[in-house]
>>> print(open('protein.pdb').read())   # PDB, C-alpha atoms
ATOM      1  CA  MET A 221      85.133 108.160  80.062
ATOM      2  CA  TYR A 222      83.611 106.369  83.042
ATOM      3  CA  ALA A 223      82.390 109.662  84.398
ATOM      4  CA  ARG A 224      80.024 109.979  81.427
ATOM      5  CA  THR A 225      78.670 106.444  81.676
ATOM      6  CA  ILE A 226      77.448 106.753  85.262
ATOM      7  CA  PRO A 227      73.958 108.150  85.157
ATOM      8  CA  ILE A 228      72.610 110.330  87.873
ATOM      9  CA  VAL A 229      69.135 108.981  88.367
ATOM     10  CA  PRO A 230      66.658 111.680  89.392
ATOM     11  CA  ALA A 231      64.745 110.616  92.451
ATOM     12  CA  ALA A 232      61.432 111.878  91.051
ATOM     13  CA  HIS A 233      61.476 109.411  88.153
ATOM     14  CA  THR A 234      62.041 106.159  90.012
ATOM     15  CA  GLY A 235      61.192 104.510  93.243
ATOM     16  CA  LYS A 236      63.793 104.100  95.989
ATOM     17  CA  ASP A 237      64.176 100.330  95.553
ATOM     18  CA  ALA A 238      64.575 100.597  91.826
ATOM     19  CA  SER A 239      67.279 103.170  92.126
ATOM     20  CA  PHE A 240      69.159 100.954  94.583
ATOM     21  CA  GLU A 241      68.911  98.034  92.200
ATOM     22  CA  TYR A 242      70.187 100.161  89.420
ATOM     23  CA  LEU A 243      73.036 101.504  91.528
ATOM     24  CA  THR A 244      74.187  98.054  92.578
ATOM     25  CA  THR A 245      74.410  96.981  88.961
ATOM     26  CA  ARG A 246      76.790  99.820  88.345
ATOM     27  CA  LYS A 247      78.436  99.934  91.761
ATOM     28  CA  ASP A 248      81.636  98.221  90.718
ATOM     29  CA  GLU A 249      81.992 100.696  87.921
ATOM     30  CA  LEU A 250      81.394 103.599  90.261
ATOM     31  CA  ILE A 251      83.748 102.439  92.976
ATOM     32  CA  GLY A 252      86.338 101.412  90.412
ATOM     33  CA  TRP A 253      86.143 104.832  88.837
ATOM     34  CA  ALA A 254      86.636 106.481  92.205
ATOM     35  CA  ARG A 255      89.467 104.224  93.225
ATOM     36  CA  LYS A 256      91.411 104.289  90.013
ATOM     37  CA  PHE A 257      91.887 108.041  90.263
ATOM     38  CA  SER A 258      92.964 108.068  93.897
ATOM     39  CA  ILE A 259      95.900 105.680  94.018
ATOM     40  CA  PHE A 260      98.080 106.557  96.981
ATOM     41  CA  PRO A 261     101.445 104.922  96.349
ATOM     42  CA  TYR A 262     103.851 103.710  98.980
ATOM     43  CA  PRO A 263     107.294 103.895  97.372
ATOM     44  CA  PHE A 264     109.391 100.959  98.568
ATOM     45  CA  VAL A 265     112.503 102.363  96.940
ATOM     46  CA  THR A 266     115.682 100.354  97.235
ATOM     47  CA  ALA A 267     117.951 101.022  94.286
ATOM     48  CA  CYS A 268     118.805 103.006  91.183
ATOM     49  CA  CYS A 269     115.263 102.850  89.782
ATOM     50  CA  ALA A 270     114.563 105.547  92.367
ATOM     51  CA  MET A 271     116.002 108.069  89.905
ATOM     52  CA  GLU A 272     113.422 107.049  87.359
ATOM     53  CA  PHE A 273     110.725 107.114  90.007
ATOM     54  CA  MET A 274     111.658 110.726  90.788
ATOM     55  CA  ALA A 275     111.637 111.583  87.090
ATOM     56  CA  VAL A 276     108.211 110.097  86.563
ATOM     57  CA  SER A 277     106.806 111.710  89.697
ATOM     58  CA  ALA A 278     108.102 115.183  88.954
ATOM     59  CA  SER A 279     106.446 117.708  86.698
ATOM     60  CA  PRO A 280     107.713 116.724  83.203
ATOM     61  CA  TYR A 281     105.891 113.370  83.344
ATOM     62  CA  ASP A 282     103.729 114.003  86.363
ATOM     63  CA  THR A 283     101.919 111.014  87.836
ATOM     64  CA  ASP A 284      99.583 113.539  89.436
ATOM     65  CA  ARG A 285      97.569 113.404  86.219
ATOM     66  CA  PHE A 286      96.588 109.854  87.134
ATOM     67  CA  GLY A 287      95.720 110.637  90.704
ATOM     68  CA  ALA A 288      98.843 108.810  91.849
ATOM     69  CA  ALA A 289     100.774 111.818  93.020
ATOM     70  CA  LEU A 290     100.891 111.694  96.756
ATOM     71  CA  PRO A 291     103.362 109.179  98.175
ATOM     72  CA  ARG A 292     102.269 108.019 101.601
ATOM     73  CA  PHE A 293     105.153 106.928 103.767
ATOM     74  CA  SER A 294     102.960 104.860 106.026
ATOM     75  CA  PRO A 295     101.765 101.594 104.515
ATOM     76  CA  ARG A 296      98.486 101.974 106.395
ATOM     77  CA  GLN A 297      97.565 104.981 104.287
ATOM     78  CA  ALA A 298      98.612 103.543 100.933
ATOM     79  CA  ASP A 299      96.794 101.601  98.218
ATOM     80  CA  LEU A 300      99.650 100.872  95.848
ATOM     81  CA  LEU A 301     102.937  99.321  96.890
ATOM     82  CA  MET A 302     105.515 100.435  94.349
ATOM     83  CA  VAL A 303     108.572  98.208  94.710
ATOM     84  CA  VAL A 304     111.246 100.242  93.004
ATOM     85  CA  GLY A 305     114.546  98.427  92.672
ATOM     86  CA  THR A 306     116.323  95.285  93.737
ATOM     87  CA  VAL A 307     115.028  93.464  96.785
ATOM     88  CA  THR A 308     117.555  91.283  98.568
ATOM     89  CA  HIS A 309     116.842  88.242 100.668
ATOM     90  CA  LYS A 310     117.826  90.291 103.694
ATOM     91  CA  GLN A 311     115.183  92.864 102.805
ATOM     92  CA  ALA A 312     112.427  90.423 101.934
ATOM     93  CA  PRO A 313     110.981  90.228 105.481
ATOM     94  CA  ILE A 314     110.685  94.044 105.523
ATOM     95  CA  LEU A 315     108.850  94.072 102.187
ATOM     96  CA  LEU A 316     106.493  91.378 103.405
ATOM     97  CA  LYS A 317     105.791  93.287 106.618
ATOM     98  CA  VAL A 318     105.040  96.485 104.696
ATOM     99  CA  TYR A 319     102.705  94.580 102.395
ATOM    100  CA  GLU A 320     100.888  92.953 105.273
ATOM    101  CA  GLN A 321     100.409  96.299 107.014
ATOM    102  CA  MET A 322      98.615  97.814 104.030
ATOM    103  CA  CYS A 323      94.828  97.923 104.233
ATOM    104  CA  GLU A 324      92.603  96.389 101.602
ATOM    105  CA  PRO A 325      92.152  97.186  98.809
ATOM    106  CA  LYS A 326      95.815  97.104  97.826
ATOM    107  CA  TRP A 327      97.801  96.658  94.675
ATOM    108  CA  VAL A 328     101.453  95.963  94.007
ATOM    109  CA  MET A 329     103.592  97.282  91.187
ATOM    110  CA  ALA A 330     106.962  95.732  90.348
ATOM    111  CA  PHE A 331     108.900  98.727  89.049
ATOM    112  CA  GLY A 332     111.877  97.730  86.928
ATOM    113  CA  VAL A 333     113.322  94.417  85.962
ATOM    114  CA  CYS A 334     114.950  93.697  89.337
ATOM    115  CA  ALA A 335     111.671  93.858  91.206
ATOM    116  CA  SER A 336     109.993  91.883  88.428
ATOM    117  CA  SER A 337     112.435  88.998  88.108
ATOM    118  CA  GLY A 338     115.674  89.780  89.885
ATOM    119  CA  GLY A 339     117.095  91.120  86.626
ATOM    120  CA  PHE A 340     120.730  90.304  86.142
ATOM    121  CA  TYR A 341     121.208  89.620  89.843
ATOM    122  CA  GLN A 342     120.973  85.843  89.830
ATOM    123  CA  ASN A 343     123.080  85.214  92.912
ATOM    124  CA  TYR A 344     123.122  84.569  96.640
ATOM    125  CA  ALA A 345     121.911  88.040  97.587
ATOM    126  CA  ALA A 346     118.983  89.003  95.375
ATOM    127  CA  LEU A 347     115.381  87.904  95.536
ATOM    128  CA  PRO A 348     114.468  86.672  92.030
ATOM    129  CA  GLY A 349     111.338  88.765  91.681
ATOM    130  CA  ILE A 350     109.067  90.107  94.399
ATOM    131  CA  ASP A 351     106.263  87.854  93.181
ATOM    132  CA  LYS A 352     108.040  85.081  95.076
ATOM    133  CA  ILE A 353     106.729  86.635  98.283
ATOM    134  CA  VAL A 354     103.887  89.061  97.459
ATOM    135  CA  PRO A 355     101.269  88.985  94.671
ATOM    136  CA  VAL A 356     102.012  91.493  91.907
ATOM    137  CA  ASP A 357      99.391  93.301  89.822
ATOM    138  CA  VAL A 358     101.513  95.072  87.237
ATOM    139  CA  TYR A 359     105.076  94.445  86.090
ATOM    140  CA  ILE A 360     107.115  97.193  84.468
ATOM    141  CA  PRO A 361     110.222  95.881  82.720
ATOM    142  CA  GLY A 362     113.262  97.972  81.886
ATOM    143  CA  CYS A 363     116.530  98.778  83.554
ATOM    144  CA  PRO A 364     115.411 101.359  84.443
ATOM    145  CA  PRO A 365     112.005 101.677  82.781
ATOM    146  CA  ARG A 366     111.294 104.774  80.730
ATOM    147  CA  PRO A 367     108.782 107.160  82.303
ATOM    148  CA  GLU A 368     106.402 106.320  79.461
ATOM    149  CA  MET A 369     106.498 102.675  80.506
ATOM    150  CA  VAL A 370     105.715 103.593  84.091
ATOM    151  CA  ILE A 371     102.810 105.734  82.969
ATOM    152  CA  ASP A 372     101.615 102.858  80.807
ATOM    153  CA  GLY A 373     101.883 100.599  83.843
ATOM    154  CA  ILE A 374      99.837 102.992  85.953
ATOM    155  CA  MET A 375      97.191 103.193  83.231
ATOM    156  CA  GLN A 376      97.029  99.404  82.967
ATOM    157  CA  LEU A 377      96.624  99.231  86.724
ATOM    158  CA  GLN A 378      93.835 101.816  86.497
ATOM    159  CA  ASP A 379      92.099  99.663  83.901
ATOM    160  CA  LYS A 380      92.478  96.662  86.153
ATOM    161  CA  ILE A 381      91.011  98.559  89.107
ATOM    162  CA  ALA A 382      88.132  99.810  86.977
ATOM    163  CA  ARG A 383      87.363  96.283  85.775
ATOM    164  CA  SER A 384      87.532  94.562  89.170
ATOM    165  CA  SER A 385      84.702  93.960  91.555
ATOM    166  CA  HIS A 386      84.667  96.124  94.659
ATOM    167  CA  PRO A 387      82.578  94.435  97.310
ATOM    168  CA  ILE A 388      81.838  97.374  99.576
ATOM    169  CA  ILE A 389      78.241  98.419  98.855
ATOM    170  CA  THR A 390      75.602  96.725 101.006
ATOM    171  CA  LYS A 391      71.880  97.179 101.511
ATOM    172  CA  THR A 392      72.516  99.733 104.190
ATOM    173  CA  PHE A 393      74.526 101.979 101.906
TER     174      PHE A 393
ATOM    175  CA  MET B  71     155.249 107.823  90.487
ATOM    176  CA  THR B  72     157.583 106.730  93.212
ATOM    177  CA  SER B  73     158.146 108.287  96.550
ATOM    178  CA  PRO B  74     161.431 108.561  98.470
ATOM    179  CA  LEU B  75     159.614 106.778 101.261
ATOM    180  CA  PHE B  76     159.387 103.645  99.132
ATOM    181  CA  GLU B  77     163.172 103.136  99.239
ATOM    182  CA  THR B  78     163.146 103.279 103.016
ATOM    183  CA  LEU B  79     160.181 100.952 103.264
ATOM    184  CA  GLN B  80     161.768  98.448 100.873
ATOM    185  CA  GLN B  81     164.836  98.201 103.011
ATOM    186  CA  GLU B  82     163.439  98.541 106.505
ATOM    187  CA  LEU B  83     159.836  97.381 106.793
ATOM    188  CA  VAL B  84     160.242  93.624 106.610
ATOM    189  CA  PRO B  85     163.797  92.795 105.535
ATOM    190  CA  ALA B  86     163.122  89.080 105.600
ATOM    191  CA  ALA B  87     160.165  89.267 103.222
ATOM    192  CA  GLY B  88     162.159  89.679 100.035
ATOM    193  CA  PRO B  89     161.880  92.508  97.530
ATOM    194  CA  ALA B  90     158.713  94.541  97.378
ATOM    195  CA  THR B  91     157.137  95.268  94.021
ATOM    196  CA  LEU B  92     155.531  98.378  92.657
ATOM    197  CA  SER B  93     152.059  97.974  91.203
ATOM    198  CA  HIS B  94     150.166 101.005  89.845
ATOM    199  CA  GLY B  95     152.049 103.319  92.194
ATOM    200  CA  ILE B  96     151.385 101.098  95.209
ATOM    201  CA  LEU B  97     154.203  99.375  97.043
ATOM    202  CA  VAL B  98     153.330  95.705  97.505
ATOM    203  CA  PHE B  99     154.741  93.439 100.194
ATOM    204  CA  VAL B 100     154.075  89.711 100.392
ATOM    205  CA  LEU B 101     154.362  88.588 104.003
ATOM    206  CA  GLU B 102     153.945  85.561 106.212
ATOM    207  CA  PRO B 103     150.849  85.760 108.457
ATOM    208  CA  THR B 104     153.063  86.062 111.529
ATOM    209  CA  GLU B 105     154.933  89.051 110.083
ATOM    210  CA  LEU B 106     151.747  90.964 109.411
ATOM    211  CA  LEU B 107     150.923  92.542 112.748
ATOM    212  CA  PRO B 108     154.460  93.808 113.479
ATOM    213  CA  ALA B 109     154.709  95.242 109.981
ATOM    214  CA  VAL B 110     151.403  97.085 110.302
ATOM    215  CA  GLN B 111     152.455  98.361 113.698
ATOM    216  CA  ARG B 112     155.623  99.835 112.203
ATOM    217  CA  LEU B 113     153.720 101.267 109.252
ATOM    218  CA  GLN B 114     151.408 103.085 111.598
ATOM    219  CA  ARG B 115     153.895 104.256 114.213
ATOM    220  CA  GLU B 116     157.088 104.890 112.278
ATOM    221  CA  PHE B 117     155.925 105.709 108.781
ATOM    222  CA  ALA B 118     152.694 107.611 109.494
ATOM    223  CA  PHE B 119     150.260 105.382 107.636
ATOM    224  CA  ASP B 120     147.215 106.738 109.382
ATOM    225  CA  ILE B 121     144.381 105.384 107.204
ATOM    226  CA  PHE B 122     143.479 101.732 106.939
ATOM    227  CA  LEU B 123     141.739 101.610 103.580
ATOM    228  CA  ASP B 124     140.491  98.083 103.198
ATOM    229  CA  VAL B 125     140.948  94.418 103.864
ATOM    230  CA  THR B 126     139.701  91.849 101.436
ATOM    231  CA  ALA B 127     140.646  88.378 100.298
ATOM    232  CA  VAL B 128     141.248  86.462  97.094
ATOM    233  CA  ASP B 129     140.178  82.850  96.742
ATOM    234  CA  TRP B 130     142.843  81.093  94.660
ATOM    235  CA  ILE B 131     140.960  77.833  94.539
ATOM    236  CA  GLY B 132     143.229  74.895  93.750
ATOM    237  CA  GLN B 133     146.361  76.626  95.058
ATOM    238  CA  LEU B 134     147.997  76.073  98.412
ATOM    239  CA  PRO B 135     147.573  77.980 100.640
ATOM    240  CA  ARG B 136     144.156  78.793  99.253
ATOM    241  CA  PHE B 137     143.363  82.325 100.444
ATOM    242  CA  GLU B 138     145.251  85.559 100.025
ATOM    243  CA  VAL B 139     144.313  88.309 102.469
ATOM    244  CA  VAL B 140     145.019  91.777 101.071
ATOM    245  CA  TYR B 141     145.413  94.986 103.100
ATOM    246  CA  HIS B 142     145.686  98.560 101.863
ATOM    247  CA  PHE B 143     147.083 101.470 103.838
ATOM    248  CA  TYR B 144     147.397 105.163 103.052
ATOM    249  CA  SER B 145     149.537 107.871 104.564
ATOM    250  CA  THR B 146     148.025 111.332 104.445
ATOM    251  CA  MET B 147     151.407 112.799 105.349
ATOM    252  CA  HIS B 148     153.412 111.146 102.554
ATOM    253  CA  ARG B 149     150.429 110.611 100.234
ATOM    254  CA  VAL B 150     151.427 107.075  99.325
ATOM    255  CA  ARG B 151     149.730 103.722  99.508
ATOM    256  CA  VAL B 152     151.048 100.363 100.614
ATOM    257  CA  ARG B 153     149.529  96.957 100.034
ATOM    258  CA  LEU B 154     150.276  93.948 102.220
ATOM    259  CA  LYS B 155     149.392  90.424 101.136
ATOM    260  CA  THR B 156     149.503  87.241 103.106
ATOM    261  CA  ARG B 157     148.434  83.683 102.374
ATOM    262  CA  VAL B 158     146.357  81.494 104.685
ATOM    263  CA  GLY B 159     145.206  77.923 104.237
ATOM    264  CA  GLU B 160     141.727  76.497 103.976
ATOM    265  CA  ALA B 161     141.922  74.420 107.160
ATOM    266  CA  ASP B 162     142.625  77.372 109.435
ATOM    267  CA  PRO B 163     142.021  80.632 107.550
ATOM    268  CA  GLY B 164     143.077  82.905 110.423
ATOM    269  CA  VAL B 165     145.074  86.112 110.608
ATOM    270  CA  ASP B 166     145.625  88.601 113.386
ATOM    271  CA  SER B 167     143.011  91.320 113.692
ATOM    272  CA  LEU B 168     144.038  94.941 113.189
ATOM    273  CA  VAL B 169     141.357  96.283 115.516
ATOM    274  CA  PRO B 170     143.889  97.188 118.268
ATOM    275  CA  LEU B 171     145.670  99.433 115.744
ATOM    276  CA  TYR B 172     142.860 100.739 113.537
ATOM    277  CA  GLY B 173     139.311 100.941 114.893
ATOM    278  CA  SER B 174     137.971 101.064 111.347
ATOM    279  CA  ALA B 175     139.204  97.523 110.792
ATOM    280  CA  ALA B 176     136.327  96.070 112.802
ATOM    281  CA  PHE B 177     133.597  96.416 110.171
ATOM    282  CA  MET B 178     135.865  95.603 107.238
ATOM    283  CA  GLU B 179     137.016  92.421 108.911
ATOM    284  CA  ARG B 180     133.399  91.484 109.558
ATOM    285  CA  GLU B 181     132.677  91.907 105.864
ATOM    286  CA  CYS B 182     135.707  89.843 104.871
ATOM    287  CA  HIS B 183     134.624  87.155 107.314
ATOM    288  CA  ASP B 184     131.135  87.183 105.779
ATOM    289  CA  MET B 185     132.311  86.817 102.242
ATOM    290  CA  TYR B 186     135.382  84.590 102.526
ATOM    291  CA  GLY B 187     135.297  83.056 105.975
ATOM    292  CA  ILE B 188     138.636  84.520 107.015
ATOM    293  CA  ARG B 189     138.827  84.477 110.809
ATOM    294  CA  PHE B 190     140.438  87.505 112.399
ATOM    295  CA  ARG B 191     141.978  86.590 115.734
ATOM    296  CA  GLY B 192     141.316  89.357 118.221
ATOM    297  CA  ASN B 193     138.172  90.694 116.549
ATOM    298  CA  ASP B 194     135.544  89.322 118.897
ATOM    299  CA  ASP B 195     132.588  90.699 116.926
ATOM    300  CA  LEU B 196     132.506  88.727 113.689
ATOM    301  CA  ARG B 197     128.713  88.633 113.392
ATOM    302  CA  PRO B 198     127.320  88.898 109.838
ATOM    303  CA  ILE B 199     127.301  92.468 108.604
ATOM    304  CA  LEU B 200     126.207  92.190 104.969
ATOM    305  CA  LEU B 201     124.716  88.724 105.263
ATOM    306  CA  TYR B 202     122.112  87.667 107.781
ATOM    307  CA  GLU B 203     122.051  85.354 110.761
ATOM    308  CA  GLY B 204     121.630  81.790 109.625
ATOM    309  CA  PHE B 205     123.395  82.165 106.283
ATOM    310  CA  VAL B 206     125.407  79.018 105.621
ATOM    311  CA  GLY B 207     128.698  79.308 103.785
ATOM    312  CA  HIS B 208     130.676  82.194 102.344
ATOM    313  CA  PRO B 209     129.270  83.469  99.032
ATOM    314  CA  LEU B 210     132.414  84.945  97.483
ATOM    315  CA  ARG B 211     134.349  81.711  97.788
ATOM    316  CA  LYS B 212     134.742  80.198  94.377
ATOM    317  CA  ASP B 213     133.126  76.938  95.432
ATOM    318  CA  TYR B 214     129.894  78.595  96.571
ATOM    319  CA  PRO B 215     127.225  77.579  94.014
ATOM    320  CA  LYS B 216     126.409  80.617  91.897
ATOM    321  CA  GLN B 217     122.641  80.439  92.122
ATOM    322  CA  GLN B 218     122.221  78.976  95.587
ATOM    323  CA  GLU B 219     119.651  81.006  97.486
ATOM    324  CA  GLN B 220     118.966  81.072 101.194
ATOM    325  CA  PRO B 221     115.661  82.952 101.413
ATOM    326  CA  LEU B 222     114.453  84.316 104.729
ATOM    327  CA  VAL B 223     110.802  84.415 103.668
ATOM    328  CA  PRO B 224     109.154  81.237 102.394
ATOM    329  CA  TYR B 225     108.216  81.587  98.732
ATOM    330  CA  ARG B 226     104.590  81.639  97.609
ATOM    331  CA  SER B 227     103.902  78.349  95.894
TER     332      SER B 227
END
>>> encode(input="protein.pdb", output="structure tokens")
Amino acid sequence: MYARTIPIVPAAHTGKDASFEYLTTRKDELIGWARKFSIFPYPFVTACCAMEFMAVSASPYDTDRFGAALPRFSPRQADLLMVVGTVTHKQAPILLKVYEQMCEPKWVMAFGVCASSGGFYQNYAALPGIDKIVPVDVYIPGCPPRPEMVIDGIMQLQDKIARSSHPIITKTF
Amino acid sequence: MTSPLFETLQQELVPAAGPATLSHGILVFVLEPTELLPAVQRLQREFAFDIFLDVTAVDWIGQLPRFEVVYHFYSTMHRVRVRLKTRVGEADPGVDSLVPLYGSAAFMERECHDMYGIRFRGNDDLRPILLYEGFVGHPLRKDYPKQQEQPLVPYRS
């Protein structure tokens, strides 16, 4: 839908300055549209939700349709940190390091109830929700979540990306 | 299911320990901590118990002595299991390590030390294995507060 709303302004009809002005008014929309369809996830997979992650990645549900198909196993190449499963206190420093190594712009998805809140692990070992240590953009409840819920989460994240401001275009662009 | 070996073990393994019981096909001996190492030695050398399955503990809070250390052994030759139990107190929860007999005991004793604070004399590597350095207390003891956390990363406000 965003593809149709971005006009291609013919150079013959407007001056150069005017076209730049017009482009900057729509730049967030343009960049958001580009970014929301090229989410490279980093799967931080720790527990049984991994099964559901495989199910939602594979062909029957197919996250490829949302441009989120290609897991990057280096945080430096990823946009979306998918925390899939329980994170323990012992693992928390690793999660934080992975998050800090990701380049901007970056988003975080808490996949499943353990990553969202600790789930039923309220004890000495489990971190009660990854939002205690990293900011989270989208929470997906469920133990494990249905693939439909994950897809809904990805679509909500896409909406969020499309609506945000993307401060990358300057005068020299 | 009983095994002919059980009769022999009942009579010969630790005569002073009193009658052994049979629980779910496992022969169970209740021993004093000092009788443990000789009994395990005989199990391994004379009765061919070649696999050390597990060591764990039970926290009988309020009872004296407080902890019960539980060992399981398996013989692949006779295909039977034996369980040894011994009680240790809270002030000095120490038993002899089985590392000289079974190399696999090292990690399991580390885990038991993590969770219950049982000290295994002779195992000189009782660093945390499931927990992390700096963890205070032993989480599977019944007096460890259920929701007490010891986070390694400071929480966002």
>>> interface_residues(input="protein.pdb", of="chain B", to="chain A", cutoff="12 Å", atoms="all atoms listed in the file", output="JSON, numbers by chain")
{"B": [185, 198, 199, 200, 201, 202, 203, 204, 205, 206, 207, 208, 209, 210, 211, 214, 215, 216, 217, 218, 219, 220, 221, 222, 223, 224, 225, 226, 227]}
>>> resolve_selection(input="protein.pdb", expression="the PyMOL selection byres ((chain B and resi 139-144) around 10)", output="MDAnalysis selection string")
chainID B and resid 96:100 103 106 110 113:114 118:129 137:138 145:158 163:165 182 186 188
>>> atom_distance(input="protein.pdb", atom1="CA of Ala270 (chain A)", atom2="CA of Thr306 (chain A)")
10.5 Å
>>> closest_residue(input="protein.pdb", among="B:Glu77, B:Glu116, B:Ala176, B:Gln133", to="Thr91 (chain B)", atoms="all atoms listed in the file")
B:Glu77
>>> resolve_selection(input="protein.pdb", expression="the PyMOL selection byres ((chain A and resi 288) around 12)", output="PyMOL selection string")
chain A and resi 255-263+276-278+281-287+289-292+298-302+370-371+373-375+377-378
>>> decode(input="protein.pdb", residues="region 115-132 of chain B", atoms="N, CA and C atoms", output="PDB file, in the first residue's frame")
ATOM      1  N   ARG B 115      34.162 -52.648  42.608  1.00  0.00           N
ATOM      2  CA  ARG B 115      35.200 -53.648  42.338  1.00  0.00           C
ATOM      3  C   ARG B 115      34.677 -55.062  42.418  1.00  0.00           C
ATOM      4  N   GLU B 116      33.773 -55.335  43.372  1.00  0.00           N
ATOM      5  CA  GLU B 116      33.349 -56.721  43.550  1.00  0.00           C
ATOM      6  C   GLU B 116      32.044 -57.042  42.842  1.00  0.00           C
ATOM      7  N   PHE B 117      31.187 -56.036  42.688  1.00  0.00           N
ATOM      8  CA  PHE B 117      29.866 -56.339  42.145  1.00  0.00           C
ATOM      9  C   PHE B 117      29.619 -55.707  40.781  1.00  0.00           C
ATOM     10  N   ALA B 118      30.649 -55.160  40.171  1.00  0.00           N
ATOM     11  CA  ALA B 118      30.595 -54.691  38.780  1.00  0.00           C
ATOM     12  C   ALA B 118      29.551 -53.600  38.553  1.00  0.00           C
ATOM     13  N   PHE B 119      29.454 -52.676  39.481  1.00  0.00           N
ATOM     14  CA  PHE B 119      28.608 -51.498  39.231  1.00  0.00           C
ATOM     15  C   PHE B 119      29.482 -50.459  38.541  1.00  0.00           C
ATOM     16  N   ASP B 120      29.382 -50.438  37.215  1.00  0.00           N
ATOM     17  CA  ASP B 120      30.350 -49.662  36.447  1.00  0.00           C
ATOM     18  C   ASP B 120      29.849 -48.271  36.082  1.00  0.00           C
ATOM     19  N   ILE B 121      28.564 -47.980  36.293  1.00  0.00           N
ATOM     20  CA  ILE B 121      28.071 -46.635  35.942  1.00  0.00           C
ATOM     21  C   ILE B 121      27.593 -45.925  37.198  1.00  0.00           C
ATOM     22  N   PHE B 122      28.130 -44.737  37.391  1.00  0.00           N
ATOM     23  CA  PHE B 122      27.649 -43.864  38.464  1.00  0.00           C
ATOM     24  C   PHE B 122      26.595 -42.961  37.846  1.00  0.00           C
ATOM     25  N   LEU B 123      25.335 -43.161  38.224  1.00  0.00           N
ATOM     26  CA  LEU B 123      24.257 -42.474  37.520  1.00  0.00           C
ATOM     27  C   LEU B 123      24.099 -41.038  37.993  1.00  0.00           C
ATOM     28  N   ASP B 124      24.012 -40.843  39.302  1.00  0.00           N
ATOM     29  CA  ASP B 124      23.717 -39.488  39.742  1.00  0.00           C
ATOM     30  C   ASP B 124      23.998 -39.356  41.230  1.00  0.00           C
ATOM     31  N   VAL B 125      24.269 -38.131  41.631  1.00  0.00           N
ATOM     32  CA  VAL B 125      24.248 -37.803  43.053  1.00  0.00           C
ATOM     33  C   VAL B 125      23.394 -36.562  43.196  1.00  0.00           C
ATOM     34  N   THR B 126      22.500 -36.606  44.147  1.00  0.00           N
ATOM     35  CA  THR B 126      21.701 -35.427  44.436  1.00  0.00           C
ATOM     36  C   THR B 126      21.460 -35.401  45.937  1.00  0.00           C
ATOM     37  N   ALA B 127      20.680 -34.443  46.379  1.00  0.00           N
ATOM     38  CA  ALA B 127      20.446 -34.320  47.818  1.00  0.00           C
ATOM     39  C   ALA B 127      18.977 -33.992  48.044  1.00  0.00           C
ATOM     40  N   VAL B 128      18.537 -34.232  49.258  1.00  0.00           N
ATOM     41  CA  VAL B 128      17.182 -33.870  49.673  1.00  0.00           C
ATOM     42  C   VAL B 128      17.314 -33.006  50.913  1.00  0.00           C
ATOM     43  N   ASP B 129      16.609 -31.890  50.926  1.00  0.00           N
ATOM     44  CA  ASP B 129      16.671 -30.983  52.066  1.00  0.00           C
ATOM     45  C   ASP B 129      15.459 -31.258  52.951  1.00  0.00           C
ATOM     46  N   TRP B 130      15.666 -32.036  54.012  1.00  0.00           N
ATOM     47  CA  TRP B 130      14.571 -32.293  54.963  1.00  0.00           C
ATOM     48  C   TRP B 130      14.636 -31.219  56.032  1.00  0.00           C
ATOM     49  N   ILE B 131      14.125 -30.042  55.701  1.00  0.00           N
ATOM     50  CA  ILE B 131      14.290 -28.920  56.616  1.00  0.00           C
ATOM     51  C   ILE B 131      13.480 -29.197  57.874  1.00  0.00           C
ATOM     52  N   GLY B 132      14.091 -28.913  59.029  1.00  0.00           N
ATOM     53  CA  GLY B 132      13.429 -29.196  60.301  1.00  0.00           C
ATOM     54  C   GLY B 132      13.850 -30.516  60.912  1.00  0.00           C
TER      55      GLY B 132
END
